[in-house]
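Below: protein22.csv (CSV, N, CA and C atoms)
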```
chain,number,residue,atom,x,y,z
A,1,ALA,N,-275.0,121.1,63.5
A,1,ALA,CA,-275.1,120.8,64.9
A,1,ALA,C,-276.5,120.9,65.5
A,2,SER,N,-277.4,121.4,64.7
A,2,SER,CA,-278.8,121.5,65.2
A,2,SER,C,-279.5,120.2,65.3
A,3,ALA,N,-279.1,119.2,64.5
A,3,ALA,CA,-279.7,117.9,64.6
A,3,ALA,C,-279.0,117.1,65.7
A,4,GLY,N,-279.8,116.8,66.7
A,4,GLY,CA,-279.3,116.0,67.8
A,4,GLY,C,-278.3,116.8,68.8
A,5,CYS,N,-278.4,118.1,68.7
A,5,CYS,CA,-277.5,118.9,69.5
A,5,CYS,C,-278.0,118.9,71.0
A,6,ARG,N,-277.0,118.8,71.9
A,6,ARG,CA,-277.4,118.8,73.3
A,6,ARG,C,-276.3,119.5,74.1
A,7,PRO,N,-276.7,120.1,75.3
A,7,PRO,CA,-275.7,120.8,76.1
A,7,PRO,C,-274.5,119.8,76.5
A,8,LEU,N,-273.3,120.4,76.5
A,8,LEU,CA,-272.2,119.6,76.9
A,8,LEU,C,-271.6,120.1,78.2
A,9,ALA,N,-271.8,119.4,79.3
A,9,ALA,CA,-271.3,119.8,80.6
A,9,ALA,C,-269.8,119.3,80.7
A,10,GLY,N,-269.0,120.1,81.4
A,10,GLY,CA,-267.7,119.7,81.8
A,10,GLY,C,-266.6,119.9,80.7
A,11,ALA,N,-267.0,120.7,79.6
A,11,ALA,CA,-266.0,120.9,78.5
A,11,ALA,C,-265.2,122.2,78.9
A,12,ALA,N,-263.9,122.1,78.6
A,12,ALA,CA,-263.0,123.3,78.9
A,12,ALA,C,-263.2,124.2,77.7
A,13,VAL,N,-263.3,125.5,78.0
A,13,VAL,CA,-263.4,126.5,76.9
A,13,VAL,C,-262.3,127.5,77.2
A,14,ASP,N,-261.4,127.7,76.3
A,14,ASP,CA,-260.3,128.7,76.4
A,14,ASP,C,-260.6,129.9,75.5
A,15,ILE,N,-260.3,131.1,75.9
A,15,ILE,CA,-260.3,132.2,75.0
A,15,ILE,C,-259.0,133.0,75.2
A,16,TRP,N,-258.6,133.7,74.1
A,16,TRP,CA,-257.4,134.5,74.1
A,16,TRP,C,-257.6,135.6,73.0
A,17,GLN,N,-257.0,136.8,73.3
A,17,GLN,CA,-257.2,137.9,72.4
A,17,GLN,C,-256.2,139.0,72.6
A,18,ALA,N,-256.2,139.9,71.7
A,18,ALA,CA,-255.3,141.1,71.8
A,18,ALA,C,-255.9,142.1,72.7
A,19,ASP,N,-255.0,143.0,73.3
A,19,ASP,CA,-255.5,144.1,74.1
A,19,ASP,C,-255.9,145.3,73.2
A,20,ALA,N,-256.2,146.4,73.8
A,20,ALA,CA,-256.6,147.6,73.0
A,20,ALA,C,-255.6,148.0,72.0
A,21,ALA,N,-254.3,147.8,72.2
A,21,ALA,CA,-253.3,148.2,71.3
A,21,ALA,C,-253.0,147.1,70.3
A,22,GLY,N,-253.7,146.0,70.3
A,22,GLY,CA,-253.5,144.9,69.3
A,22,GLY,C,-252.3,144.0,69.7
A,23,VAL,N,-252.0,143.9,71.0
A,23,VAL,CA,-250.9,143.1,71.5
A,23,VAL,C,-251.4,141.9,72.3
A,24,TYR,N,-250.8,140.7,72.1
A,24,TYR,CA,-251.1,139.5,72.8
A,24,TYR,C,-250.2,139.3,73.9
A,25,SER,N,-250.6,138.7,75.0
A,25,SER,CA,-249.7,138.3,76.1
A,25,SER,C,-248.8,137.2,75.5
A,26,GLU,N,-247.5,137.2,76.0
A,26,GLU,CA,-246.6,136.2,75.6
A,26,GLU,C,-245.8,135.7,76.8
A,27,GLY,N,-245.2,134.5,76.6
A,27,GLY,CA,-244.3,134.0,77.7
A,27,GLY,C,-245.1,133.8,78.9
A,28,ARG,N,-244.6,134.4,80.0
A,28,ARG,CA,-245.2,134.2,81.3
A,28,ARG,C,-246.4,135.1,81.5
A,29,GLU,N,-246.6,136.0,80.6
A,29,GLU,CA,-247.8,136.9,80.7
A,29,GLU,C,-249.1,136.1,80.4
A,30,SER,N,-250.2,136.5,81.0
A,30,SER,CA,-251.4,135.8,80.7
A,30,SER,C,-252.6,136.7,80.6
A,31,PHE,N,-252.4,138.0,80.3
A,31,PHE,CA,-253.5,138.9,80.2
A,31,PHE,C,-254.4,138.5,79.0
A,32,LEU,N,-255.7,138.7,79.2
A,32,LEU,CA,-256.7,138.4,78.1
A,32,LEU,C,-256.6,137.0,77.6
A,33,ARG,N,-256.3,136.1,78.6
A,33,ARG,CA,-256.4,134.6,78.3
A,33,ARG,C,-257.1,134.0,79.5
A,34,GLY,N,-257.9,133.0,79.2
A,34,GLY,CA,-258.6,132.4,80.3
A,34,GLY,C,-259.3,131.1,79.9
A,35,VAL,N,-259.6,130.2,80.9
A,35,VAL,CA,-260.3,129.0,80.7
A,35,VAL,C,-261.4,128.9,81.6
A,36,GLN,N,-262.5,128.4,81.2
A,36,GLN,CA,-263.7,128.1,82.0
A,36,GLN,C,-264.2,126.7,81.6
A,37,THR,N,-264.9,126.1,82.5
A,37,THR,CA,-265.5,124.8,82.3
A,37,THR,C,-267.0,125.0,82.2
A,38,THR,N,-267.6,124.3,81.2
A,38,THR,CA,-269.1,124.5,81.1
A,38,THR,C,-269.8,123.8,82.2
A,39,ASP,N,-270.9,124.5,82.6
A,39,ASP,CA,-271.8,123.9,83.7
A,39,ASP,C,-272.7,122.9,83.2
A,40,ALA,N,-273.6,122.4,84.0
A,40,ALA,CA,-274.6,121.4,83.7
A,40,ALA,C,-275.4,121.7,82.5
A,41,SER,N,-275.6,123.0,82.2
A,41,SER,CA,-276.4,123.5,81.1
A,41,SER,C,-275.5,123.7,79.8
A,42,GLY,N,-274.2,123.4,79.9
A,42,GLY,CA,-273.3,123.5,78.8
A,42,GLY,C,-272.9,125.0,78.6
A,43,ARG,N,-273.0,125.8,79.6
A,43,ARG,CA,-272.6,127.2,79.5
A,43,ARG,C,-271.4,127.6,80.3
A,44,CYS,N,-270.7,128.6,79.9
A,44,CYS,CA,-269.7,129.3,80.6
A,44,CYS,C,-269.7,130.7,80.3
A,45,ALA,N,-269.0,131.6,81.1
A,45,ALA,CA,-269.0,133.0,80.8
A,45,ALA,C,-267.6,133.6,81.0
A,46,PHE,N,-267.3,134.5,80.2
A,46,PHE,CA,-266.0,135.2,80.3
A,46,PHE,C,-266.3,136.7,80.4
A,47,ARG,N,-265.5,137.5,81.1
A,47,ARG,CA,-265.5,138.9,81.2
A,47,ARG,C,-264.2,139.4,80.5
A,48,THR,N,-264.4,140.2,79.5
A,48,THR,CA,-263.2,140.7,78.8
A,48,THR,C,-263.4,142.0,78.2
A,49,ILE,N,-262.5,142.4,77.3
A,49,ILE,CA,-262.6,143.7,76.6
A,49,ILE,C,-262.8,143.5,75.1
A,50,VAL,N,-263.2,144.6,74.4
A,50,VAL,CA,-263.2,144.5,72.9
A,50,VAL,C,-261.7,144.4,72.5
A,51,PRO,N,-261.4,143.4,71.6
A,51,PRO,CA,-260.0,143.3,71.2
A,51,PRO,C,-259.6,144.4,70.3
A,52,GLY,N,-258.3,144.7,70.4
A,52,GLY,CA,-257.7,145.7,69.5
A,52,GLY,C,-257.4,145.1,68.2
A,53,TRP,N,-256.8,145.8,67.3
A,53,TRP,CA,-256.6,145.3,65.9
A,53,TRP,C,-255.1,145.3,65.6
A,54,TYR,N,-254.8,144.5,64.6
A,54,TYR,CA,-253.4,144.6,64.1
A,54,TYR,C,-253.5,144.4,62.6
A,55,ALA,N,-252.5,144.8,61.9
A,55,ALA,CA,-252.5,144.9,60.4
A,55,ALA,C,-253.1,143.7,59.7
A,56,GLY,N,-254.1,143.9,58.9
A,56,GLY,CA,-254.6,142.9,58.0
A,56,GLY,C,-255.6,141.9,58.5
A,57,LEU,N,-255.8,141.9,59.8
A,57,LEU,CA,-256.8,141.0,60.4
A,57,LEU,C,-258.0,141.7,61.1
A,58,ALA,N,-259.1,141.1,60.9
A,58,ALA,CA,-260.3,141.6,61.6
A,58,ALA,C,-260.1,141.4,63.1
A,59,PRO,N,-260.5,142.3,64.0
A,59,PRO,CA,-260.5,142.1,65.4
A,59,PRO,C,-261.2,140.9,65.8
A,60,HIS,N,-260.7,140.0,66.6
A,60,HIS,CA,-261.3,138.8,66.9
A,60,HIS,C,-261.0,138.3,68.3
A,61,ILE,N,-261.8,137.3,68.8
A,61,ILE,CA,-261.5,136.6,70.0
A,61,ILE,C,-261.4,135.1,69.7
A,62,HIS,N,-260.2,134.6,69.9
A,62,HIS,CA,-260.0,133.2,69.7
A,62,HIS,C,-260.7,132.3,70.8
A,63,PHE,N,-261.2,131.2,70.4
A,63,PHE,CA,-261.7,130.3,71.4
A,63,PHE,C,-261.4,128.8,71.0
A,64,LYS,N,-261.3,128.0,72.0
A,64,LYS,CA,-261.1,126.6,71.8
A,64,LYS,C,-262.0,125.8,72.8
A,65,VAL,N,-262.8,124.8,72.3
A,65,VAL,CA,-263.6,124.0,73.1
A,65,VAL,C,-263.0,122.6,73.2
A,66,ARG,N,-262.8,122.1,74.4
A,66,ARG,CA,-262.2,120.8,74.6
A,66,ARG,C,-263.2,119.9,75.4
A,67,PRO,N,-264.0,119.2,74.7
A,67,PRO,CA,-265.0,118.3,75.4
A,67,PRO,C,-264.3,117.2,76.2
A,68,ASP,N,-263.1,116.7,75.7
A,68,ASP,CA,-262.4,115.7,76.4
A,68,ASP,C,-260.9,115.9,76.1
A,69,ALA,N,-260.1,115.0,76.6
A,69,ALA,CA,-258.6,115.2,76.5
A,69,ALA,C,-258.1,114.9,75.1
A,70,ARG,N,-258.9,114.3,74.2
A,70,ARG,CA,-258.5,114.0,72.8
A,70,ARG,C,-259.1,114.9,71.7
A,71,THR,N,-260.1,115.7,72.1
A,71,THR,CA,-260.9,116.4,71.1
A,71,THR,C,-260.9,117.9,71.3
A,72,GLU,N,-260.7,118.7,70.3
A,72,GLU,CA,-260.8,120.1,70.4
A,72,GLU,C,-261.4,120.8,69.2
A,73,THR,N,-262.1,121.9,69.3
A,73,THR,CA,-262.5,122.7,68.2
A,73,THR,C,-262.1,124.1,68.5
A,74,THR,N,-261.4,124.7,67.5
A,74,THR,CA,-260.9,126.0,67.6
A,74,THR,C,-261.4,126.9,66.5
A,75,SER,N,-261.8,128.1,66.9
A,75,SER,CA,-262.3,129.1,65.9
A,75,SER,C,-262.1,130.5,66.5
A,76,GLN,N,-262.8,131.5,66.0
A,76,GLN,CA,-262.8,132.8,66.5
A,76,GLN,C,-264.1,133.5,66.3
A,77,PHE,N,-264.3,134.4,67.3
A,77,PHE,CA,-265.5,135.3,67.2
A,77,PHE,C,-265.1,136.7,66.6
A,78,PHE,N,-266.0,137.3,65.8
A,78,PHE,CA,-265.8,138.6,65.3
A,78,PHE,C,-266.8,139.5,65.9
A,79,LEU,N,-266.7,140.8,65.6
A,79,LEU,CA,-267.6,141.8,66.1
A,79,LEU,C,-268.0,142.7,64.9
A,80,PRO,N,-269.3,143.2,64.9
A,80,PRO,CA,-269.8,144.0,63.8
A,80,PRO,C,-268.9,145.3,63.6
A,81,GLU,N,-268.7,145.7,62.3
A,81,GLU,CA,-267.9,146.8,62.0
A,81,GLU,C,-268.5,148.1,62.7
A,82,ASP,N,-269.8,148.3,62.6
A,82,ASP,CA,-270.3,149.6,63.2
A,82,ASP,C,-270.0,149.6,64.7
A,83,PHE,N,-270.1,148.5,65.4
A,83,PHE,CA,-269.8,148.4,66.8
A,83,PHE,C,-268.3,148.7,67.0
A,84,LEU,N,-267.4,148.1,66.2
A,84,LEU,CA,-266.0,148.4,66.4
A,84,LEU,C,-265.7,149.8,66.1
A,85,ARG,N,-266.2,150.5,65.1
A,85,ARG,CA,-266.0,151.9,64.9
A,85,ARG,C,-266.4,152.8,66.1
A,86,GLU,N,-267.5,152.4,66.7
A,86,GLU,CA,-268.0,153.1,67.9
A,86,GLU,C,-267.0,153.0,69.1
A,87,VAL,N,-266.6,151.8,69.3
A,87,VAL,CA,-265.6,151.5,70.4
A,87,VAL,C,-264.3,152.1,70.1
A,88,TYR,N,-263.8,152.0,68.9
A,88,TYR,CA,-262.4,152.4,68.6
A,88,TYR,C,-262.3,154.0,68.5
A,89,ALA,N,-263.4,154.7,68.6
A,89,ALA,CA,-263.4,156.1,68.7
A,89,ALA,C,-263.2,156.6,70.1
A,90,ARG,N,-263.2,155.6,71.1
A,90,ARG,CA,-263.0,156.0,72.5
A,90,ARG,C,-261.7,155.5,73.0
A,91,GLN,N,-261.2,156.1,74.1
A,91,GLN,CA,-260.0,155.7,74.7
A,91,GLN,C,-260.1,154.3,75.4
A,92,PRO,N,-259.1,153.5,75.5
A,92,PRO,CA,-257.8,153.7,75.0
A,92,PRO,C,-257.6,153.4,73.5
A,93,TYR,N,-258.6,152.9,72.9
A,93,TYR,CA,-258.5,152.5,71.5
A,93,TYR,C,-258.1,153.6,70.6
A,94,ALA,N,-258.6,154.8,70.9
A,94,ALA,CA,-258.4,156.0,70.0
A,94,ALA,C,-257.0,156.5,70.0
A,95,ARG,N,-256.1,155.9,70.8
A,95,ARG,CA,-254.7,156.3,70.8
A,95,ARG,C,-254.1,155.9,69.4
A,96,ARG,N,-254.7,154.9,68.8
A,96,ARG,CA,-254.2,154.4,67.5
A,96,ARG,C,-255.2,154.8,66.4
A,97,ARG,N,-254.8,155.0,65.2
A,97,ARG,CA,-255.7,155.3,64.1
A,97,ARG,C,-256.4,153.9,63.7
A,98,ALA,N,-257.7,153.9,63.9
A,98,ALA,CA,-258.5,152.7,63.6
A,98,ALA,C,-258.6,152.4,62.1
A,99,PRO,N,-258.6,151.2,61.7
A,99,PRO,CA,-258.9,150.9,60.3
A,99,PRO,C,-260.3,151.4,59.9
A,100,ARG,N,-260.4,151.8,58.7
A,100,ARG,CA,-261.8,152.3,58.2
A,100,ARG,C,-262.8,151.2,58.2
A,101,SER,N,-262.3,150.0,57.7
A,101,SER,CA,-263.2,148.9,57.6
A,101,SER,C,-262.5,147.7,58.3
A,102,PRO,N,-262.7,147.6,59.6
A,102,PRO,CA,-261.9,146.6,60.4
A,102,PRO,C,-262.0,145.2,59.9
A,103,ASN,N,-263.1,144.8,59.4
A,103,ASN,CA,-263.3,143.4,59.0
A,103,ASN,C,-263.1,143.1,57.5
A,104,ALA,N,-263.2,144.1,56.7
A,104,ALA,CA,-263.3,143.9,55.2
A,104,ALA,C,-262.1,143.2,54.6
A,105,HIS,N,-260.9,143.3,55.1
A,105,HIS,CA,-259.7,142.8,54.5
A,105,HIS,C,-259.2,141.5,55.0
A,106,ASP,N,-260.0,140.9,55.9
A,106,ASP,CA,-259.6,139.6,56.5
A,106,ASP,C,-260.2,138.4,55.8
A,107,ASP,N,-259.5,137.5,55.2
A,107,ASP,CA,-260.0,136.3,54.6
A,107,ASP,C,-260.8,135.5,55.5
A,108,ARG,N,-260.4,135.3,56.8
A,108,ARG,CA,-261.1,134.5,57.7
A,108,ARG,C,-262.5,135.1,58.0
A,109,TYR,N,-262.5,136.5,58.2
A,109,TYR,CA,-263.8,137.1,58.4
A,109,TYR,C,-264.7,136.9,57.2
A,110,ARG,N,-264.2,137.1,56.0
A,110,ARG,CA,-265.0,136.9,54.8
A,110,ARG,C,-265.5,135.5,54.7
A,111,ALA,N,-264.7,134.5,55.1
A,111,ALA,CA,-265.1,133.1,55.0
A,111,ALA,C,-266.2,132.7,56.1
A,112,ALA,N,-266.1,133.2,57.3
A,112,ALA,CA,-266.9,132.8,58.4
A,112,ALA,C,-267.6,133.9,59.2
A,113,GLY,N,-267.2,135.1,58.9
A,113,GLY,CA,-267.6,136.2,59.8
A,113,GLY,C,-269.1,136.3,60.0
A,114,GLY,N,-269.9,136.0,58.9
A,114,GLY,CA,-271.3,136.1,59.1
A,114,GLY,C,-271.9,135.1,60.1
A,115,THR,N,-271.3,134.0,60.2
A,115,THR,CA,-271.8,133.0,61.2
A,115,THR,C,-271.1,133.1,62.5
A,116,MET,N,-270.0,133.8,62.6
A,116,MET,CA,-269.2,133.8,63.8
A,116,MET,C,-269.1,135.2,64.4
A,117,THR,N,-270.0,136.1,64.1
A,117,THR,CA,-270.0,137.4,64.6
A,117,THR,C,-270.9,137.6,65.8
A,118,LEU,N,-270.3,138.0,66.9
A,118,LEU,CA,-271.1,138.3,68.1
A,118,LEU,C,-272.0,139.5,67.9
A,119,THR,N,-273.1,139.5,68.7
A,119,THR,CA,-274.0,140.6,68.7
A,119,THR,C,-274.0,141.3,70.0
A,120,PRO,N,-273.1,142.3,70.3
A,120,PRO,CA,-273.1,142.9,71.6
A,120,PRO,C,-274.3,143.7,71.9
A,121,VAL,N,-274.8,143.7,73.1
A,121,VAL,CA,-275.9,144.4,73.6
A,121,VAL,C,-275.5,145.2,74.8
A,122,ALA,N,-275.8,146.5,74.8
A,122,ALA,CA,-275.4,147.4,75.9
A,122,ALA,C,-276.0,146.9,77.2
A,123,GLU,N,-275.2,146.9,78.3
A,123,GLU,CA,-275.8,146.4,79.6
A,123,GLU,C,-274.9,146.9,80.7
A,124,GLY,N,-275.4,147.7,81.6
A,124,GLY,CA,-274.7,148.1,82.8
A,124,GLY,C,-273.4,148.7,82.6
A,125,GLY,N,-273.3,149.6,81.6
A,125,GLY,CA,-272.0,150.3,81.4
A,125,GLY,C,-271.0,149.6,80.5
A,126,GLY,N,-271.4,148.4,80.0
A,126,GLY,CA,-270.6,147.6,79.2
A,126,GLY,C,-271.4,146.9,78.1
A,127,TYR,N,-271.0,145.8,77.7
A,127,TYR,CA,-271.8,145.0,76.6
A,127,TYR,C,-271.8,143.6,77.0
A,128,ARG,N,-272.8,142.9,76.5
A,128,ARG,CA,-272.9,141.4,76.7
A,128,ARG,C,-273.2,140.8,75.4
A,129,ALA,N,-272.6,139.7,75.1
A,129,ALA,CA,-272.8,138.9,73.9
A,129,ALA,C,-272.9,137.4,74.3
A,130,ALA,N,-273.7,136.7,73.6
A,130,ALA,CA,-273.8,135.2,73.9
A,130,ALA,C,-273.7,134.5,72.5
A,131,TYR,N,-273.2,133.3,72.6
A,131,TYR,CA,-273.1,132.5,71.3
A,131,TYR,C,-273.1,131.1,71.7
A,132,THR,N,-273.9,130.3,70.9
A,132,THR,CA,-273.9,128.9,71.1
A,132,THR,C,-273.0,128.2,70.1
A,133,VAL,N,-272.0,127.5,70.6
A,133,VAL,CA,-271.1,126.8,69.7
A,133,VAL,C,-271.5,125.3,69.6
A,134,GLY,N,-271.7,124.9,68.3
A,134,GLY,CA,-272.1,123.5,68.1
A,134,GLY,C,-270.9,122.7,67.7
A,135,ILE,N,-270.7,121.6,68.2
A,135,ILE,CA,-269.6,120.7,67.9
A,135,ILE,C,-270.2,119.4,67.3
A,136,ALA,N,-269.7,119.1,66.1
A,136,ALA,CA,-270.3,117.9,65.4
A,136,ALA,C,-269.3,116.8,65.5
```
Take the structure in the file and give it back as structure tokens.
Amino acid sequence: ASAGCRPLAGAAVDIWQADAAGVYSEGRESFLRGVQTTDASGRCAFRTIVPGWYAGLAPHIHFKVRPDARTETTSQFFLPEDFLREVYARQPYARRRAPRSPNAHDDRYRAAGGTMTLTPVAEGGGYRAAYTVGIA
């Protein structure tokens, strides 16, 4: 995507993820799900939490980019294991026994985790991460 890559304004970006207990919203529930439209610079922002875990999968945030009504790209973001261990030691995550190696046993993480891992930076009592998604 680096060759000829340019910002894409007006693209819909969806995210969805599990809560601290590893539970997704279902049916009429809509917690930890959202859609934003990219601005003129091709950017959008979401405010969310660190996703919880569930058996056998690395904690992740799903996303979908829809540049138009006929095209979409879907993937997921991961988080570094040292960061996850730090967060999972705190409440409400600590109510559950965290996996020792949250990412190590997930085939999807092993296949793409290195390129799809966010880099959280502490900021104002929380964390911020940015990622540029290229669509070919």
Have a look at atom C of A:Gly134 and atom CA of A:Cys5 and let me know their distance in Å, one decimal.
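Separation of atom C of A:Gly134 and atom CA of A:Cys5: 7.8 Å.
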Using atom C of A:Ala122 and atom CA of A:Ala58 as the two end points, give the distance in Å to one decimal.
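Taking atom C of A:Ala122 as the start and atom CA of A:Ala58 as the end point, the length is 22.8 Å.
Backbone DSSP over chain A gives alpha helix (DSSP H) for Glu81, Asp82, Phe83, Leu84, Arg85, Glu86, Val87, Tyr88, Asp107, Arg108, Tyr109, Arg110, Ala111, Ala112, Gly113, Gly114, Thr115 and Met116 of chain A.
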To box stretch 28-36 of chain A, take all atoms listed in the file, fit an axis-aligned box, add 6 Å on each side, and give centre and edge lengths in Å to one decimal, as lines of an AutoDock Vina configuration file.
```
center_x = -254.4
center_y = 132.8
center_z = 79.8
size_x = 31.6
size_y = 24.2
size_z = 16.4
```
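When DSSP is run on the backbone, the residues of stretch 25-106 of chain A that fall into strand (DSSP E) are A:Arg33, A:Gly34, A:Val35, A:Gln36, A:Thr37, A:His60, A:Ile61, A:His62, A:Phe63, A:Lys64, A:Val65, A:Arg66, A:Pro67, A:Asp68, A:Thr71, A:Glu72, A:Thr73, A:Thr74, A:Ser75, A:Gln76, A:Phe77, A:Phe78.
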For stretch 111-118 of chain A, work out the shell of residues within 6.5 Å, counting only N, CA and C atoms and skipping chain neighbours fewer than 5 positions away, then give it as a list in words.
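Residues meeting the cut-off are Gln76, Phe77, Phe78, Leu79, Pro80, Asp106, Ala129 and Ala130 of chain A.
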Atom C of A:Ala18 to atom N of A:Arg33, distance in Å rounded to a single decimal:
8.4 Å
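Each of A:Val50, A:Ile135, A:Val65, A:Ala55 was compared to A:Ala12 using all atoms listed in the file, and A:Val65 turns out to be the nearest.
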Just want the 7 Å neighbourhood of A:Gly34, counted on only N, CA and C atoms, with same-chain residues fewer than 2 positions away dropped. Output as an NGL selection string.
:A and (13-16 or 30-32 or 36)
Keeping only N, CA and C atoms, take the residues you just selected and write them out as a tab-separated table (two decimals), in the coordinates of the input.
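Listed below is the output, out-v6.tsv:
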```tsv
chain	number	residue	atom	x	y	z
A	13	VAL	N	-263.30	125.50	78.00
A	13	VAL	CA	-263.40	126.50	76.90
A	13	VAL	C	-262.30	127.50	77.20
A	14	ASP	N	-261.40	127.70	76.30
A	14	ASP	CA	-260.30	128.70	76.40
A	14	ASP	C	-260.60	129.90	75.50
A	15	ILE	N	-260.30	131.10	75.90
A	15	ILE	CA	-260.30	132.20	75.00
A	15	ILE	C	-259.00	133.00	75.20
A	16	TRP	N	-258.60	133.70	74.10
A	16	TRP	CA	-257.40	134.50	74.10
A	16	TRP	C	-257.60	135.60	73.00
A	30	SER	N	-250.20	136.50	81.00
A	30	SER	CA	-251.40	135.80	80.70
A	30	SER	C	-252.60	136.70	80.60
A	31	PHE	N	-252.40	138.00	80.30
A	31	PHE	CA	-253.50	138.90	80.20
A	31	PHE	C	-254.40	138.50	79.00
A	32	LEU	N	-255.70	138.70	79.20
A	32	LEU	CA	-256.70	138.40	78.10
A	32	LEU	C	-256.60	137.00	77.60
A	36	GLN	N	-262.50	128.40	81.20
A	36	GLN	CA	-263.70	128.10	82.00
A	36	GLN	C	-264.20	126.70	81.60
```
Best match for closeness to A:Arg6 among A:Glu29, A:Arg95, A:Val133, A:Arg47, counting only C-alpha atoms
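The answer is A:Val133, which sits nearest to A:Arg6.
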Name the residues in contact with A:His105 at a cut-off of 7 Å, using all atoms listed in the file, excluding same-chain residues fewer than 5 positions from it; report them as an MDAnalysis selection string.
chainID A and resid 56:58 110
